[in-house]
Amino acid sequence: MVHTGFLPTENEAFDFILGFLKSKKQDESTKMTFLSSVSILCSAVQSQKHRNMDYYCSKAMLAERVEMLMLEEPADMMSSSLRQQAMFCIMEMSQVNPKFQPLQRMELIQSGILSLISLPHNMEADTNREIISLYSRTVRALDEMLQGLMTETENPSMLVFIEIMEMLMPWILSNKIFEEVRALRTLSQQLRFISSFPVLRHLENFKIGGNLMGILGLVCMDSNYEVSTWASVALHYCFKFFVNQRQSVLKNEEERRRLLKNLQKNFQADWTTSLQYIVMFFKIFLNPDERTTIFTLCVNAMTAGSRYNTWAAVQMLEMIIDEPLPELSKVPELIETIHSNLNYIKDSSAIQIIEKTLQELAHKYPDEVILMLITIQDNVQNRELWKILAASSSGYATILSHLLKRLSFQDPKEPTQSLEISSVLASRALNELLLQSSSKLEVETLYPWLYMALLSLISFLVFEGGSKTFDKQPGLPEGMSPVSCVIESLKTLISSAGYEYQVSFMQNYRTWELLTEPEGYLEGISILAKSMTMRSCWHIRPIVSLILNILSGNEVGSFVTALAVFAELLRSTEVAIMADEAIIEILINLVQEDKPVIQQLVLKAAGNLGIHKETTKFLRMLQPYVLNCCYSMNSSVVAEAFLSLRYIIYNLTWTDSVVLLVEISCTLRPFFDDESEELRYNSIDMFSALLAKVKRRFLMVPFRYQVHCSLVPLMFHLQDENTSVAHVSRDGLCHSAKILVCPRLKSVCSTKDMYSIGSILLEEQKDKIPWFLSQSLSYFHNTQSSIRQAAVWLTSQIIQIKAMENEEELQEVYSALKRLKNDPDPAVACLATQTIYLLEVKKIQPRPLQHIANYICCWFKRKQLKY
């Protein structure tokens, strides 16, 4: 076939190629002629209008045939230059369009490398000079072939370089020294080639810089001189490549030139100098992914049976982490590498540097490290890693501080970033860390903050309904809920600080179970706070200071929990003496909020503060707010207010608190008739205690008025269905009689029945009879039938004594009695009917008939005995 554009020799070469491809038998000479013809054809195509090999002959087919000739060469000897010629041929074909397809290009690279490196190990030192020369020319041919495949008429492609490196890497890691030397020499030549180009194609795809530099750095310390020498040469050109291609990290061109000059000066330097350059390039030129790769390589190199020098890996990693750690990526994968290799690292210096590395990583990337340790399922190895983190005092404190930060989120919800641990996982990490640490100093330093942070988190999960946020929290042990996880951490924290007795105490009172229940949460917090007051706990004061900062808004934490702990701790004298006006102001501000739970806790705090006599001044500041809470619409708040009021009464003295006693008595009086037995009992009992403090010589008119107002209610409640209320009512009457100086009334109050006391009361307090009548009528609506009976009876007694001249008053009494004729209690209805009869007689005969009065009185006595 004749091509007009070809020279005669080129046409002859082309025809020979076509004939060779069809022929089945080729000798050595024919093969060499074929390769020469392909080279001639490549030159011819480049001079044609159609500069595309496929226009004349399939380039892929020719390359495949050349590759086959190269692979057919014997692997155990080198007798001709055919292998060398085939490589040159592929290099020339690479400069002609079309470009090789990626798959074929990779096959050519692999075949060329295999063809040379697999030759016998003595080729370089053969006694036959011709063989040595032939081998050297083949080595250069391979270099040019690989360089030609990288360029293909353009600047070198980093994609092709990566392919070359990947093909060479198994040989670099070979156990045969001669294979390793050949691979390193080939790599160094390719690095030298690309390092001389200012611009490279596909540079953005070059992501194996860390792997390249790390492997060369480790191999530099190989015990074989040739291996370490060629590795040093390759590393030198690797440095030059980074300086030229990533010069943007340098300040200016002058700095780049100076660095290149220093590199040239230290060409094939000793390993220490190379290591210093590795550390510098690690920090300045490598990206985070590449840095992580070097870490991973070093960790793998330390394992028993590794191809690399363990000491070299230790030295490299030690020098890297001795400097401030730059940004890394894929830290969880690096932790996984450490975890999986930890059992296989036997060298003591390697173990120490691994421990230091883990601590440094935890210091810079605490979330990533902690999250990875939490997800590791191997319990034995997991504990070992936690123990390593806890071994460093400064690192331990740093991690505890970080966990505290994660626990103390104002809104402890799931993190927004995937590698940021949630507050629940932070509590689990805290638990694991505390279990593996024997040091108490760091825990004791942060104990108040960790303690309140965990309590605040429990409050969020249980009391504030935040458990749904962590319903499917990954990283928790199977079967453990988020609340249980946090409580377990709290137990461990308390024990780690040396307060094991508190844990035992709380266990006995089911505190942990209570803390998991919304209804029992506050009770659990009270028991937990109480456990701190059992023995000397030097953290009480710091905890109280932190609580006050939380309540003041200066620290993050649960308001309710902080207040609940503080309220219970006020039972301790040590805490109570810390009270000052600023603390009381905080409580006053809180109690004025329309939040029943907050109000109850403030009232509880006031009550516990009242246990201590030295706090009287502060109780008086709280007293108006406590009294105001007695009128709350929430029954729990009222009940707590009464308990607080009891302590206020207990600590007050008459001589310096006259006005206060009057205010308290005015507050208590309406509760004498409350439907709640507890409130009736507490109000009358406290009123009785109030009266016991009164000395008559200091009696003021307002308070005397309150005493008179209480006489009839107290007397009626002698008939209360609740015996405890009846008992304290009798005490109240006795104190009232003593204050009012009524000897006869005082003498009967202790032992006599209600009607005897009532009779004497009417005799000694004649001027108050109209008032008593009005009070009696108001009790006609009382829910207790026994009290309604007492009210009707007293009304009948007053009708006999009092002149009923006022028609309006007479009609009021008559109407009230008439309504009681239909009372559901027959005794009340009957007594009302008889009293109406007495009233009607009174209209006819204004002066009372004593026999009728005696009859009603005797009837009432019989009814009392019966019922």
# chains A, B, ... in the order shown; residues from 1 in each chain; ligands from 1
>>> select_by_dssp(residues="region 164-242 of chain A", states="alpha helix (DSSP H)", output="JSON, numbers by chain")
{"A": [164, 165, 166, 167, 168, 169, 170, 171, 172, 177, 178, 179, 180, 181, 182, 183, 184, 185, 186, 187, 188, 189, 190, 191, 192, 193, 194, 195, 209, 210, 211, 212, 213, 214, 215, 216, 217, 218, 219, 225, 226, 227, 228, 229, 230, 231, 232, 233, 234, 235, 236, 237, 238, 239, 240, 241, 242]}
>>> residues_around(residues="Ala529 (chain A)", least_positions_apart="6", cutoff="10 Å", atoms="only C-alpha atoms", output="PyMOL selection string")
chain A and resi 502+506+523+540+564-571
>>> closest_residue(among="A:Ser785, A:Gln264, A:Ser644, A:Asn628", to="Asn608 (chain A)", atoms="only C-alpha atoms")
A:Ser644
>>> atom_distance(atom1="CA of Ala832 (chain A)", atom2="CA of Leu820 (chain A)")
6.0 Å
>>> residues_around(residues="Pro332 (chain A)", least_positions_apart="4", cutoff="10 Å", atoms="only C-alpha atoms", output="PyMOL selection string")
chain A and resi 336-338+365+367-373+419
